[in-house]
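One file, input.cif, carrying mmCIF, C-alpha atoms:
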```cif
data_my_file
#
loop_
_atom_site.label_atom_id
_atom_site.label_comp_id
_atom_site.auth_asym_id
_atom_site.auth_seq_id
_atom_site.Cartn_x
_atom_site.Cartn_y
_atom_site.Cartn_z
CA MET A 1 55.12 2.78 16.44
CA LEU A 2 57.78 1.94 19.05
CA LYS A 3 55.05 1.34 21.61
CA ARG A 4 53.32 -1.15 19.27
CA GLN A 5 56.61 -2.99 18.61
CA PHE A 6 57.29 -3.17 22.34
CA GLU A 7 53.81 -4.56 22.97
CA THR A 8 54.34 -7.16 20.23
CA ILE A 9 57.65 -8.27 21.75
CA ALA A 10 56.16 -8.36 25.24
CA SER A 11 53.21 -10.40 23.96
CA ALA A 12 55.52 -12.87 22.23
CA PHE A 13 57.66 -13.26 25.37
CA LYS A 14 54.56 -13.92 27.46
CA ARG A 15 53.65 -16.82 25.16
CA VAL A 16 57.05 -18.53 25.63
CA ASN A 17 56.63 -21.48 28.00
CA LEU A 18 58.27 -21.67 31.41
CA ARG A 19 60.68 -24.46 30.40
CA THR A 20 62.23 -22.26 27.69
CA TRP A 21 62.69 -19.38 30.12
CA LEU A 22 64.28 -21.67 32.73
CA LEU A 23 66.66 -23.09 30.12
CA LEU A 24 67.63 -19.59 28.99
CA VAL A 25 68.25 -18.34 32.54
CA LEU A 26 70.19 -21.47 33.52
CA SER A 27 72.33 -21.40 30.36
CA THR A 28 73.09 -17.71 30.76
CA THR A 29 74.02 -18.19 34.45
CA ILE A 30 76.36 -21.08 33.66
CA LEU A 31 77.85 -19.08 30.78
CA VAL A 32 78.63 -16.16 33.11
CA VAL A 33 80.15 -18.56 35.67
CA LEU A 34 82.30 -20.23 33.00
CA ILE A 35 83.49 -16.87 31.73
CA GLY A 36 84.50 -16.02 35.30
CA TRP A 37 86.30 -19.35 35.59
CA LEU A 38 87.98 -18.75 32.26
CA GLY A 39 89.46 -15.51 33.56
CA SER A 40 90.63 -17.20 36.75
CA TRP A 41 92.12 -20.24 35.02
CA GLY A 42 93.54 -18.10 32.23
CA LEU A 43 95.54 -16.22 34.84
CA ARG A 44 96.56 -19.58 36.33
CA VAL A 45 97.85 -20.78 32.93
CA VAL A 46 99.93 -17.58 32.56
CA GLN A 47 101.41 -18.14 36.00
CA ASP A 48 102.15 -21.84 35.33
CA TRP A 49 103.73 -20.94 31.99
CA ALA A 50 105.97 -18.35 33.67
CA GLN A 51 106.97 -20.89 36.31
CA LEU A 52 107.71 -23.46 33.61
CA GLN A 53 109.99 -20.97 31.89
CA GLN A 54 111.84 -20.31 35.12
CA THR A 55 111.94 -23.95 36.31
CA PRO A 56 111.55 -26.32 33.37
CA THR A 57 110.90 -29.59 35.28
CA ASP A 58 108.44 -32.45 34.71
CA ALA A 59 106.31 -31.24 37.61
CA THR A 60 105.94 -27.68 36.29
CA GLN A 61 105.26 -29.08 32.80
CA LYS A 62 102.46 -31.34 34.12
CA GLN A 63 100.99 -28.47 36.12
CA PHE A 64 101.02 -26.21 33.07
CA ASN A 65 99.43 -28.90 30.86
CA ALA A 66 96.69 -29.58 33.45
CA SER A 67 95.84 -25.89 33.73
CA LEU A 68 95.79 -25.58 29.94
CA GLU A 69 93.40 -28.56 29.57
CA ILE A 70 91.04 -27.01 32.10
CA VAL A 71 91.05 -23.74 30.17
CA LYS A 72 90.34 -25.65 26.93
CA ALA A 73 87.42 -27.44 28.60
CA ILE A 74 86.04 -24.13 29.86
CA VAL A 75 86.37 -22.58 26.38
CA GLY A 76 84.56 -25.61 24.88
CA GLY A 77 81.78 -25.31 27.47
CA ILE A 78 81.45 -21.60 26.79
CA GLY A 79 81.15 -22.34 23.06
CA THR A 80 78.47 -24.97 23.64
CA LEU A 81 76.47 -22.75 25.99
CA ALA A 82 76.89 -19.77 23.67
CA THR A 83 75.38 -21.92 20.89
CA ILE A 84 72.47 -22.90 23.15
CA VAL A 85 71.85 -19.31 24.24
CA GLY A 86 72.11 -18.14 20.64
CA GLY A 87 69.59 -20.78 19.60
CA ILE A 88 67.17 -19.68 22.30
CA VAL A 89 67.57 -16.05 21.26
CA LEU A 90 66.92 -16.99 17.64
CA TYR A 91 63.83 -18.92 18.76
CA LEU A 92 62.59 -15.90 20.70
CA ASN A 93 63.22 -13.69 17.68
CA PHE A 94 61.22 -16.13 15.57
CA ARG A 95 58.36 -16.02 18.08
CA VAL A 96 58.41 -12.23 18.00
CA ALA A 97 58.39 -12.18 14.20
CA ASN A 98 55.67 -14.84 14.07
CA ARG A 99 53.53 -13.00 16.59
CA ASN A 100 54.03 -9.78 14.67
CA ALA A 101 52.87 -11.53 11.48
CA GLU A 102 49.82 -12.95 13.31
CA LEU A 103 48.85 -9.52 14.59
CA THR A 104 49.29 -8.01 11.14
CA GLU A 105 47.14 -10.74 9.60
CA SER A 106 44.56 -10.33 12.35
CA ARG A 107 44.37 -6.58 11.73
CA LEU A 108 43.96 -7.15 7.99
CA ILE A 109 41.20 -9.72 8.55
CA THR A 110 39.46 -7.37 10.98
CA GLU A 111 39.59 -4.59 8.42
CA ARG A 112 38.27 -6.90 5.69
CA PHE A 113 35.53 -8.17 7.98
CA SER A 114 34.43 -4.67 8.97
CA LYS A 115 34.32 -3.55 5.35
CA ALA A 116 32.36 -6.65 4.25
CA VAL A 117 29.80 -6.25 7.04
CA GLU A 118 29.42 -2.60 6.11
CA GLN A 119 28.73 -3.66 2.52
CA LEU A 120 25.85 -5.86 3.68
CA GLY A 121 23.96 -2.72 4.70
CA SER A 122 24.29 -1.05 1.30
CA ASP A 123 21.23 -0.09 -0.74
CA LYS A 124 22.88 -1.51 -3.87
CA ILE A 125 22.49 -5.26 -4.37
CA GLU A 126 25.83 -5.59 -6.16
CA VAL A 127 27.59 -4.10 -3.13
CA ARG A 128 25.74 -6.50 -0.81
CA LEU A 129 26.74 -9.42 -3.03
CA GLY A 130 30.37 -8.29 -2.85
CA GLY A 131 30.15 -8.20 0.94
CA ILE A 132 28.70 -11.73 1.08
CA TYR A 133 31.43 -13.26 -1.07
CA ALA A 134 34.10 -11.26 0.79
CA LEU A 135 32.85 -12.82 4.03
CA GLU A 136 33.05 -16.27 2.44
CA ARG A 137 36.72 -15.68 1.55
CA ILE A 138 37.46 -14.52 5.10
CA ALA A 139 35.79 -17.65 6.50
CA GLN A 140 38.04 -19.75 4.25
CA ASP A 141 41.17 -17.81 5.31
CA SER A 142 40.44 -17.68 9.03
CA VAL A 143 39.03 -20.72 10.85
CA ARG A 144 38.75 -18.58 13.97
CA ASP A 145 36.26 -16.28 12.24
CA HIS A 146 34.37 -19.04 10.39
CA TRP A 147 31.41 -19.36 12.75
CA THR A 148 31.12 -15.63 13.40
CA ILE A 149 30.72 -15.14 9.66
CA MET A 150 28.07 -17.88 9.44
CA GLU A 151 26.14 -16.13 12.22
CA VAL A 152 26.42 -12.81 10.39
CA LEU A 153 25.10 -14.38 7.18
CA THR A 154 22.19 -16.15 8.89
CA ALA A 155 21.31 -12.88 10.65
CA PHE A 156 21.44 -11.16 7.24
CA VAL A 157 18.96 -13.70 5.83
CA ARG A 158 16.64 -13.33 8.83
CA GLU A 159 16.75 -9.55 8.51
CA ARG A 160 16.39 -9.32 4.73
CA SER A 161 13.87 -12.12 4.24
CA PRO A 162 11.60 -12.61 7.28
CA VAL A 163 8.37 -14.55 7.15
CA GLU A 164 5.47 -12.13 7.07
CA PRO A 165 2.56 -12.99 9.41
CA ILE A 166 0.31 -13.76 6.44
CA GLN A 167 2.89 -16.23 5.08
CA LYS A 168 2.95 -18.38 8.20
CA PRO A 169 1.47 -21.85 7.72
CA GLN A 170 -2.22 -21.76 8.52
CA VAL A 171 -4.51 -24.74 9.12
CA LYS A 172 -7.77 -24.52 7.27
CA GLU A 173 -11.09 -25.39 8.86
CA SER A 174 -11.38 -28.93 7.53
CA PHE A 175 -9.31 -31.67 5.93
CA ALA A 176 -11.49 -31.34 2.83
CA GLU A 177 -10.44 -27.69 2.45
CA HIS A 178 -6.77 -28.74 2.65
CA TYR A 179 -7.18 -31.31 -0.03
CA LEU A 180 -9.77 -29.83 -2.35
CA GLN A 181 -9.31 -26.06 -2.26
CA PRO A 182 -6.81 -24.47 -4.65
CA GLN A 183 -3.87 -22.36 -3.61
CA SER A 184 -4.91 -18.97 -2.27
CA GLU A 185 -4.11 -15.77 -4.14
CA THR A 186 -1.84 -14.59 -1.32
CA GLU A 187 0.12 -17.84 -1.35
CA ALA A 188 0.45 -17.75 -5.14
CA LYS A 189 1.97 -14.26 -5.08
CA LEU A 190 4.80 -15.05 -2.66
CA MET A 191 8.05 -13.86 -4.21
CA PRO A 192 11.11 -16.09 -4.38
CA VAL A 193 14.20 -15.14 -2.41
CA THR A 194 16.20 -12.19 -3.67
CA LYS A 195 19.64 -12.61 -5.26
CA ASP A 196 21.54 -11.42 -2.21
CA VAL A 197 19.62 -13.73 0.15
CA GLN A 198 20.21 -16.62 -2.26
CA ALA A 199 23.92 -15.79 -2.35
CA ALA A 200 24.08 -15.86 1.46
CA LEU A 201 22.26 -19.22 1.51
CA THR A 202 24.66 -20.61 -1.08
CA VAL A 203 27.68 -19.56 0.97
CA ILE A 204 26.15 -21.05 4.12
CA GLY A 205 25.26 -24.29 2.34
CA ARG A 206 28.78 -24.88 0.97
CA ARG A 207 30.76 -23.85 4.04
CA GLU A 208 33.43 -26.09 5.61
CA VAL A 209 31.25 -28.00 8.10
CA LYS A 210 34.34 -29.32 9.90
CA ASN A 211 34.99 -25.77 11.12
CA ASP A 212 31.60 -25.49 12.83
CA PRO A 213 31.92 -25.45 16.63
CA ASP A 214 30.23 -28.15 18.68
CA GLN A 215 26.78 -27.43 20.10
CA LYS A 216 26.19 -24.61 17.61
CA SER A 217 23.58 -24.57 14.84
CA LEU A 218 22.52 -22.30 12.01
CA ASP A 219 19.44 -20.24 12.85
CA LEU A 220 17.16 -19.61 9.89
CA SER A 221 13.91 -19.70 11.82
CA ASP A 222 10.96 -17.62 10.59
CA THR A 223 12.65 -16.81 7.28
CA ASN A 224 11.05 -16.54 3.85
CA LEU A 225 13.06 -18.95 1.68
CA ASN A 226 10.43 -19.39 -0.98
CA SER A 227 11.91 -21.16 -4.04
CA ALA A 228 15.42 -21.00 -2.55
CA ASP A 229 18.11 -23.13 -4.17
CA LEU A 230 19.67 -25.26 -1.44
CA TYR A 231 20.79 -28.13 -3.64
CA ARG A 232 23.13 -30.44 -1.69
CA ALA A 233 23.40 -27.81 1.05
CA GLN A 234 25.08 -28.72 4.34
CA LEU A 235 22.38 -27.88 6.89
CA GLU A 236 22.85 -30.44 9.65
CA GLY A 237 21.04 -29.43 12.83
CA ALA A 238 19.91 -26.12 11.31
CA LYS A 239 16.87 -24.35 12.74
CA PHE A 240 14.06 -23.70 10.25
CA GLU A 241 11.10 -23.50 12.63
CA GLY A 242 8.28 -21.53 11.03
CA ALA A 243 10.28 -20.91 7.86
CA ASN A 244 8.70 -20.68 4.42
CA LEU A 245 10.50 -23.18 2.19
CA LYS A 246 7.77 -23.54 -0.39
CA SER A 247 9.08 -24.87 -3.70
CA ALA A 248 12.64 -24.77 -2.33
CA ASN A 249 15.21 -27.09 -3.89
CA LEU A 250 16.70 -29.21 -1.11
CA GLU A 251 17.57 -32.13 -3.32
CA GLY A 252 20.44 -34.17 -1.91
CA GLY A 253 20.72 -31.75 1.00
CA SER A 254 22.04 -32.80 4.39
CA LEU A 255 19.42 -31.95 7.02
CA LYS A 256 20.28 -34.48 9.68
CA SER A 257 18.58 -33.57 12.99
CA ALA A 258 17.39 -30.27 11.48
CA PHE A 259 14.53 -28.41 13.19
CA LEU A 260 11.70 -27.88 10.70
CA GLY A 261 8.69 -27.77 13.00
CA ASN A 262 5.84 -25.63 11.60
CA ALA A 263 7.89 -24.96 8.46
CA ASP A 264 6.15 -24.77 5.10
CA LEU A 265 7.81 -27.16 2.64
CA SER A 266 4.87 -27.39 0.25
CA GLY A 267 6.07 -28.32 -3.22
CA ALA A 268 9.68 -28.51 -2.03
CA LEU A 269 12.13 -30.79 -3.84
CA LEU A 270 13.65 -33.21 -1.34
CA HIS A 271 14.77 -36.03 -3.64
CA ASN A 272 17.40 -38.12 -1.82
CA ALA A 273 17.62 -35.55 0.95
CA ASP A 274 19.26 -36.73 4.16
CA LEU A 275 16.78 -36.10 7.01
CA PRO A 276 17.46 -38.73 9.70
CA GLY A 277 16.25 -37.54 13.08
CA ALA A 278 14.84 -34.32 11.61
CA LYS A 279 12.08 -32.57 13.58
CA LEU A 280 9.18 -31.99 11.17
CA SER A 281 6.23 -31.92 13.56
CA SER A 282 3.30 -29.87 12.21
CA ALA A 283 5.28 -29.06 9.05
CA LEU A 284 3.48 -28.53 5.73
CA LEU A 285 4.81 -30.95 3.11
CA ASN A 286 1.89 -30.81 0.73
CA SER A 287 2.94 -31.97 -2.76
CA ALA A 288 6.54 -32.20 -1.57
CA GLU A 289 8.85 -34.47 -3.56
CA LEU A 290 10.47 -36.82 -1.03
CA GLU A 291 11.39 -39.64 -3.37
CA GLY A 292 14.33 -41.59 -1.98
CA ALA A 293 14.62 -39.29 1.04
CA HIS A 294 16.20 -40.65 4.22
CA LEU A 295 13.62 -40.00 6.95
CA ALA A 296 14.63 -42.68 9.45
CA TYR A 297 13.81 -41.65 13.02
CA ALA A 298 12.38 -38.33 11.78
CA ASP A 299 9.47 -36.80 13.72
CA LEU A 300 6.52 -36.09 11.40
CA ARG A 301 3.82 -35.89 14.05
CA GLY A 302 0.95 -33.74 12.84
CA ALA A 303 2.69 -33.02 9.54
CA ASN A 304 0.63 -32.35 6.40
CA LEU A 305 1.79 -34.68 3.62
CA ILE A 306 -1.17 -34.12 1.33
CA GLY A 307 -0.19 -35.26 -2.16
CA ALA A 308 3.42 -35.78 -1.10
CA ASN A 309 5.57 -38.25 -3.03
CA LEU A 310 7.39 -40.53 -0.59
CA SER A 311 8.16 -43.35 -3.01
CA ASN A 312 11.30 -45.29 -2.14
CA ALA A 313 11.85 -43.15 0.97
CA ASN A 314 13.41 -44.65 4.10
CA LEU A 315 10.74 -44.46 6.83
CA ARG A 316 12.40 -46.72 9.37
CA ARG A 317 11.00 -45.76 12.78
CA THR A 318 9.69 -42.47 11.39
CA ILE A 319 7.00 -41.04 13.69
CA LEU A 320 3.83 -40.44 11.65
CA ASP A 321 1.24 -40.00 14.42
CA SER A 322 -1.56 -37.57 13.41
CA SER A 323 0.13 -36.88 10.06
CA LEU A 324 -2.12 -36.29 7.03
CA LEU A 325 -1.24 -38.68 4.22
CA ILE A 326 -4.14 -37.72 1.96
CA GLY A 327 -3.24 -38.57 -1.62
CA ALA A 328 0.33 -39.35 -0.56
CA ASN A 329 2.43 -41.84 -2.51
CA LEU A 330 4.11 -44.48 -0.33
CA THR A 331 5.11 -46.81 -3.16
CA ASP A 332 8.17 -48.94 -2.38
CA VAL A 333 8.93 -47.12 0.87
CA ARG A 334 11.55 -48.82 3.01
CA GLY A 335 11.36 -49.71 6.69
CA LEU A 336 7.68 -48.80 7.14
CA MET A 337 5.77 -50.90 9.66
CA GLY A 338 1.98 -51.03 9.81
CA ARG A 339 1.89 -49.78 13.39
CA GLN A 340 3.56 -46.54 12.30
CA LEU A 341 0.37 -45.68 10.38
CA GLU A 342 -1.99 -46.56 13.23
CA PHE A 343 -2.63 -42.90 14.16
CA ALA A 344 -1.95 -41.35 10.75
CA LYS A 345 -4.79 -40.13 8.50
CA LEU A 346 -5.07 -42.20 5.31
CA CYS A 347 -7.27 -41.23 2.39
CA HIS A 348 -6.52 -41.78 -1.31
CA THR A 349 -3.13 -42.95 -0.02
CA THR A 350 -1.05 -45.20 -2.28
CA MET A 351 0.48 -47.83 -0.03
CA ALA A 352 3.84 -49.58 -0.37
CA ASP A 353 2.30 -52.47 -2.31
CA GLY A 354 0.50 -50.15 -4.74
CA THR A 355 -2.99 -50.47 -3.18
CA ILE A 356 -5.06 -47.42 -2.25
CA SER A 357 -6.14 -46.85 1.34
CA ASP A 358 -9.24 -44.77 2.16
CA ARG A 359 -9.33 -45.79 5.80
CA ASP A 360 -10.01 -42.31 7.17
CA CYS A 361 -11.82 -40.62 4.27
CA ALA A 362 -15.22 -40.63 5.96
CA GLU A 363 -13.81 -39.05 9.12
CA MET A 364 -12.29 -36.26 7.07
CA GLY A 365 -15.37 -35.67 4.93
CA LEU A 366 -13.72 -36.82 1.70
CA PRO A 367 -15.16 -39.23 -0.84
CA PRO A 368 -13.41 -42.61 -1.12
CA SER A 369 -11.42 -43.46 -4.22
CA THR A 370 -12.32 -46.29 -6.57
CA ASN A 371 -10.83 -49.75 -5.87
CA SER A 372 -9.45 -48.71 -2.52
CA ALA A 373 -8.13 -51.07 0.15
CA SER A 374 -9.42 -49.25 3.20
CA GLU A 375 -7.71 -51.41 5.78
CA ALA A 376 -4.36 -51.83 4.10
CA GLU A 377 -1.49 -51.23 6.46
CA PRO A 378 1.67 -52.86 5.18
CA ASP A 379 4.56 -54.28 7.09
CA ASN A 380 7.56 -53.43 4.92
CA PRO A 381 10.68 -53.83 6.99
#
```
Rendering of file as C-alpha cells:
Amino acid sequence: MLKRQFETIASAFKRVNLRTWLLLVLSTTILVVLIGWLGSWGLRVVQDWAQLQQTPTDATQKQFNASLEIVKAIVGGIGTLATIVGGIVLYLNFRVANRNAELTESRLITERFSKAVEQLGSDKIEVRLGGIYALERIAQDSVRDHWTIMEVLTAFVRERSPVEPIQKPQVKESFAEHYLQPQSETEAKLMPVTKDVQAALTVIGRREVKNDPDQKSLDLSDTNLNSADLYRAQLEGAKFEGANLKSANLEGGSLKSAFLGNADLSGALLHNADLPGAKLSSALLNSAELEGAHLAYADLRGANLIGANLSNANLRRTILDSSLLIGANLTDVRGLMGRQLEFAKLCHTTMADGTISDRDCAEMGLPPSTNSASEAEPDNP
C-alpha cells in the first residue's frame, strides 16, 4: 500500500512542469536566506536597542529605527514567500490527489472493461447483451477508451456474424437470369442478425462520432447483417466490403465515403441515406429503396441496380459505368447528366422524365417493354 502511494506521489511530481519546480526551489532558497538575515538583523536590533538604552541620543535612535525597519521588511518578505511556498505545496498536494483519483478511476474502468469483454464470450445471450451495453457506458465515461470499445464491438460482430461463402454475392450467367429468375432457396433462408449482434450494431451506430480518432474507420467487412436495423446510424467511412446487408434498414443513415464494394444491399431501405463519395462498385442493390438518397460523387461502377428505386435521389457526378439499371426507377433524380449513363445498361428503365428506356435490352437478351424510349438519356442538372 505504501509503495503504491509513493508511486502515485512520484508520478504526480513527474507531471509538474519545470517552471513550477524552479519557482518552488527559488522561493525556498530565498526564504532560507531571509530567515538567516532575520536572525542576523534581529541580533542587530537587540544590540541597537541596548545601545539606545545606554546612550539615548538621536543617532542611536535613528540607528535602532533603521535596524527595526529592516527586520520588519524581512519578516514581511518571509510572510510573502511562505505564502507562495505554501501555495505551491497545496498545488502539489492537489496534483497528487488528482493523480490518485485518475489512477483509481482508470483501475475501475479497466476492471469494468475486462468484465464486459469477458461477458461477450458467454454462452448466454442475456450476459452478452449486458456486456455490450456495459461497454457502451464505458465508452461514454472514458473518451480515451471510446475507439478501443468500438473496435471490440466490430470484432464481436465479425466473429459472431460472418458472411458464409454461400452468402457472398454471386453473378449469375446472364443478365436475363438476374432479372427474371426468382430468389434462390438458399438466399431466402438467410437468417436475420441475432439480438446480440443487433445490439452491438445499435451501440456502434449511435456512438459519439466526435470521439472517433482521425484516419480510423469501423471494419464490418464480410459480415452477415441481413435485415439489420441501422436506422440513422453514424457509419461514415465504415468498411462493409463483401458484407451481406440484404433487407437492412439504413434509412437516414450517414454513410459518407463508406466502403461497400461487393456488398449485397438487395432490398435494403436507404431512403434519404447520406452516401456522398461512397464506394459501391460491384455492389448488389437489386430492389433497393434509394428514394431521396444522396449519392453525389458515389462510385457505382458495375453495381447491380435491378429494380432499384432511385426516385428523387441526388446523382450529381455519380459514376454509373457498367452498372445494371434494369427495371430501375430514375424518376425525378437530381443532378443526372446523360453522359453518366453512356456506359450503363438500360432496360425497362424509367428515366427522369418518366419515359422508359430499353436501349440495351437486346444485348442482355431481355424483351423490350411497351412504349419504350430506347434512346432516352436525359440531362437533368
Please evaluate the PyMOL selection byres ((chain A and resi 198-213) around 8) against the displayed coordinates and give the resulting residues as a PDB file with C-alpha atoms, in the frame of the given file.
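That gives us out_5.pdb:
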```
ATOM      1  CA  LEU A 129      26.740  -9.420  -3.030  1.00  0.00           C
ATOM      2  CA  ILE A 132      28.700 -11.730   1.080  1.00  0.00           C
ATOM      3  CA  TYR A 133      31.430 -13.260  -1.070  1.00  0.00           C
ATOM      4  CA  GLU A 136      33.050 -16.270   2.440  1.00  0.00           C
ATOM      5  CA  GLN A 140      38.040 -19.750   4.250  1.00  0.00           C
ATOM      6  CA  VAL A 143      39.030 -20.720  10.850  1.00  0.00           C
ATOM      7  CA  HIS A 146      34.370 -19.040  10.390  1.00  0.00           C
ATOM      8  CA  TRP A 147      31.410 -19.360  12.750  1.00  0.00           C
ATOM      9  CA  MET A 150      28.070 -17.880   9.440  1.00  0.00           C
ATOM     10  CA  LEU A 153      25.100 -14.380   7.180  1.00  0.00           C
ATOM     11  CA  THR A 154      22.190 -16.150   8.890  1.00  0.00           C
ATOM     12  CA  PHE A 156      21.440 -11.160   7.240  1.00  0.00           C
ATOM     13  CA  VAL A 157      18.960 -13.700   5.830  1.00  0.00           C
ATOM     14  CA  VAL A 193      14.200 -15.140  -2.410  1.00  0.00           C
ATOM     15  CA  THR A 194      16.200 -12.190  -3.670  1.00  0.00           C
ATOM     16  CA  LYS A 195      19.640 -12.610  -5.260  1.00  0.00           C
ATOM     17  CA  ASP A 196      21.540 -11.420  -2.210  1.00  0.00           C
ATOM     18  CA  VAL A 197      19.620 -13.730   0.150  1.00  0.00           C
ATOM     19  CA  ASP A 214      30.230 -28.150  18.680  1.00  0.00           C
ATOM     20  CA  GLN A 215      26.780 -27.430  20.100  1.00  0.00           C
ATOM     21  CA  LYS A 216      26.190 -24.610  17.610  1.00  0.00           C
ATOM     22  CA  ALA A 228      15.420 -21.000  -2.550  1.00  0.00           C
ATOM     23  CA  ASP A 229      18.110 -23.130  -4.170  1.00  0.00           C
ATOM     24  CA  LEU A 230      19.670 -25.260  -1.440  1.00  0.00           C
ATOM     25  CA  ARG A 232      23.130 -30.440  -1.690  1.00  0.00           C
ATOM     26  CA  ALA A 233      23.400 -27.810   1.050  1.00  0.00           C
ATOM     27  CA  GLN A 234      25.080 -28.720   4.340  1.00  0.00           C
ATOM     28  CA  LEU A 235      22.380 -27.880   6.890  1.00  0.00           C
TER      29      LEU A 235
END
```
Can you list what the PyMOL selection byres ((chain A and resi 305-316) around 9) grabs from this structure, as a PDB file with C-alpha atoms, keeping the file's coordinate frame?
```pdb
ATOM      1  CA  HIS A 178      -6.770 -28.740   2.650  1.00  0.00           C
ATOM      2  CA  TYR A 179      -7.180 -31.310  -0.030  1.00  0.00           C
ATOM      3  CA  SER A 266       4.870 -27.390   0.250  1.00  0.00           C
ATOM      4  CA  GLY A 267       6.070 -28.320  -3.220  1.00  0.00           C
ATOM      5  CA  HIS A 271      14.770 -36.030  -3.640  1.00  0.00           C
ATOM      6  CA  ASN A 272      17.400 -38.120  -1.820  1.00  0.00           C
ATOM      7  CA  ALA A 283       5.280 -29.060   9.050  1.00  0.00           C
ATOM      8  CA  LEU A 284       3.480 -28.530   5.730  1.00  0.00           C
ATOM      9  CA  LEU A 285       4.810 -30.950   3.110  1.00  0.00           C
ATOM     10  CA  ASN A 286       1.890 -30.810   0.730  1.00  0.00           C
ATOM     11  CA  SER A 287       2.940 -31.970  -2.760  1.00  0.00           C
ATOM     12  CA  ALA A 288       6.540 -32.200  -1.570  1.00  0.00           C
ATOM     13  CA  GLU A 289       8.850 -34.470  -3.560  1.00  0.00           C
ATOM     14  CA  LEU A 290      10.470 -36.820  -1.030  1.00  0.00           C
ATOM     15  CA  GLU A 291      11.390 -39.640  -3.370  1.00  0.00           C
ATOM     16  CA  GLY A 292      14.330 -41.590  -1.980  1.00  0.00           C
ATOM     17  CA  ALA A 293      14.620 -39.290   1.040  1.00  0.00           C
ATOM     18  CA  HIS A 294      16.200 -40.650   4.220  1.00  0.00           C
ATOM     19  CA  LEU A 295      13.620 -40.000   6.950  1.00  0.00           C
ATOM     20  CA  ALA A 296      14.630 -42.680   9.450  1.00  0.00           C
ATOM     21  CA  TYR A 297      13.810 -41.650  13.020  1.00  0.00           C
ATOM     22  CA  ALA A 298      12.380 -38.330  11.780  1.00  0.00           C
ATOM     23  CA  ALA A 303       2.690 -33.020   9.540  1.00  0.00           C
ATOM     24  CA  ASN A 304       0.630 -32.350   6.400  1.00  0.00           C
ATOM     25  CA  ARG A 317      11.000 -45.760  12.780  1.00  0.00           C
ATOM     26  CA  THR A 318       9.690 -42.470  11.390  1.00  0.00           C
ATOM     27  CA  ILE A 319       7.000 -41.040  13.690  1.00  0.00           C
ATOM     28  CA  SER A 323       0.130 -36.880  10.060  1.00  0.00           C
ATOM     29  CA  LEU A 324      -2.120 -36.290   7.030  1.00  0.00           C
ATOM     30  CA  LEU A 325      -1.240 -38.680   4.220  1.00  0.00           C
ATOM     31  CA  ILE A 326      -4.140 -37.720   1.960  1.00  0.00           C
ATOM     32  CA  GLY A 327      -3.240 -38.570  -1.620  1.00  0.00           C
ATOM     33  CA  ALA A 328       0.330 -39.350  -0.560  1.00  0.00           C
ATOM     34  CA  ASN A 329       2.430 -41.840  -2.510  1.00  0.00           C
ATOM     35  CA  LEU A 330       4.110 -44.480  -0.330  1.00  0.00           C
ATOM     36  CA  THR A 331       5.110 -46.810  -3.160  1.00  0.00           C
ATOM     37  CA  ASP A 332       8.170 -48.940  -2.380  1.00  0.00           C
ATOM     38  CA  VAL A 333       8.930 -47.120   0.870  1.00  0.00           C
ATOM     39  CA  ARG A 334      11.550 -48.820   3.010  1.00  0.00           C
ATOM     40  CA  GLY A 335      11.360 -49.710   6.690  1.00  0.00           C
ATOM     41  CA  LEU A 336       7.680 -48.800   7.140  1.00  0.00           C
ATOM     42  CA  MET A 337       5.770 -50.900   9.660  1.00  0.00           C
ATOM     43  CA  THR A 349      -3.130 -42.950  -0.020  1.00  0.00           C
ATOM     44  CA  ALA A 352       3.840 -49.580  -0.370  1.00  0.00           C
ATOM     45  CA  PRO A 381      10.680 -53.830   6.990  1.00  0.00           C
TER      46      PRO A 381
END
```
*Expanded to explicit residues, what is the PyMOL selection byres ((chain A and resi 223) around 9) for this file, as a list of chain:residue names?*
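Checking the PyMOL selection byres ((chain A and resi 223) around 9) against this file, the residues are A:Val157, A:Arg158, A:Glu159, A:Arg160, A:Ser161, A:Pro162, A:Val163, A:Glu164, A:Leu220, A:Ser221, A:Asp222, A:Asn224, A:Leu225, A:Asn226, A:Phe240, A:Glu241, A:Gly242, A:Ala243, A:Asn244, A:Leu245.
Counting from CA of Gly76 (chain A), the distance to CA of Ala59 (chain A) is 25.8 Å.
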*asked:* What's around region 115-123 of chain A at 8 Å? Count only C-alpha atoms, leave out sequence neighbours fewer than 4 positions away in its own chain, and write the answer as an MDAnalysis selection string.
replied: chainID A and resid 111 127:132 134:135 156
*Go ahead and compute the interatomic distance for CA of Cys347 (chain A) and CA of Leu269 (chain A), in Å to one decimal.*
22.9 Å
Quick one: region 125-132 of chain A from the block, N, CA and C atoms, as a compact mmCIF listing (two decimals), in the first residue's frame.
```
# COMPACT_ATOMS: atom_id res chain seq x y z
N ILE A 125 -27.14 -15.36 -24.09
CA ILE A 125 -27.31 -14.12 -24.84
C ILE A 125 -27.57 -12.93 -23.92
N GLU A 126 -28.27 -13.15 -22.80
CA GLU A 126 -28.54 -12.03 -21.90
C GLU A 126 -27.26 -11.50 -21.27
N VAL A 127 -26.29 -12.39 -21.03
CA VAL A 127 -25.00 -11.97 -20.48
C VAL A 127 -24.22 -11.18 -21.54
N ARG A 128 -24.28 -11.66 -22.78
CA ARG A 128 -23.59 -10.95 -23.87
C ARG A 128 -24.20 -9.55 -24.06
N LEU A 129 -25.52 -9.47 -23.98
CA LEU A 129 -26.18 -8.17 -24.10
C LEU A 129 -25.73 -7.23 -22.98
N GLY A 130 -25.63 -7.76 -21.78
CA GLY A 130 -25.15 -6.95 -20.65
C GLY A 130 -23.75 -6.43 -20.90
N GLY A 131 -22.90 -7.28 -21.46
CA GLY A 131 -21.52 -6.87 -21.77
C GLY A 131 -21.48 -5.77 -22.82
N ILE A 132 -22.35 -5.86 -23.83
CA ILE A 132 -22.38 -4.85 -24.90
C ILE A 132 -22.79 -3.49 -24.35
```
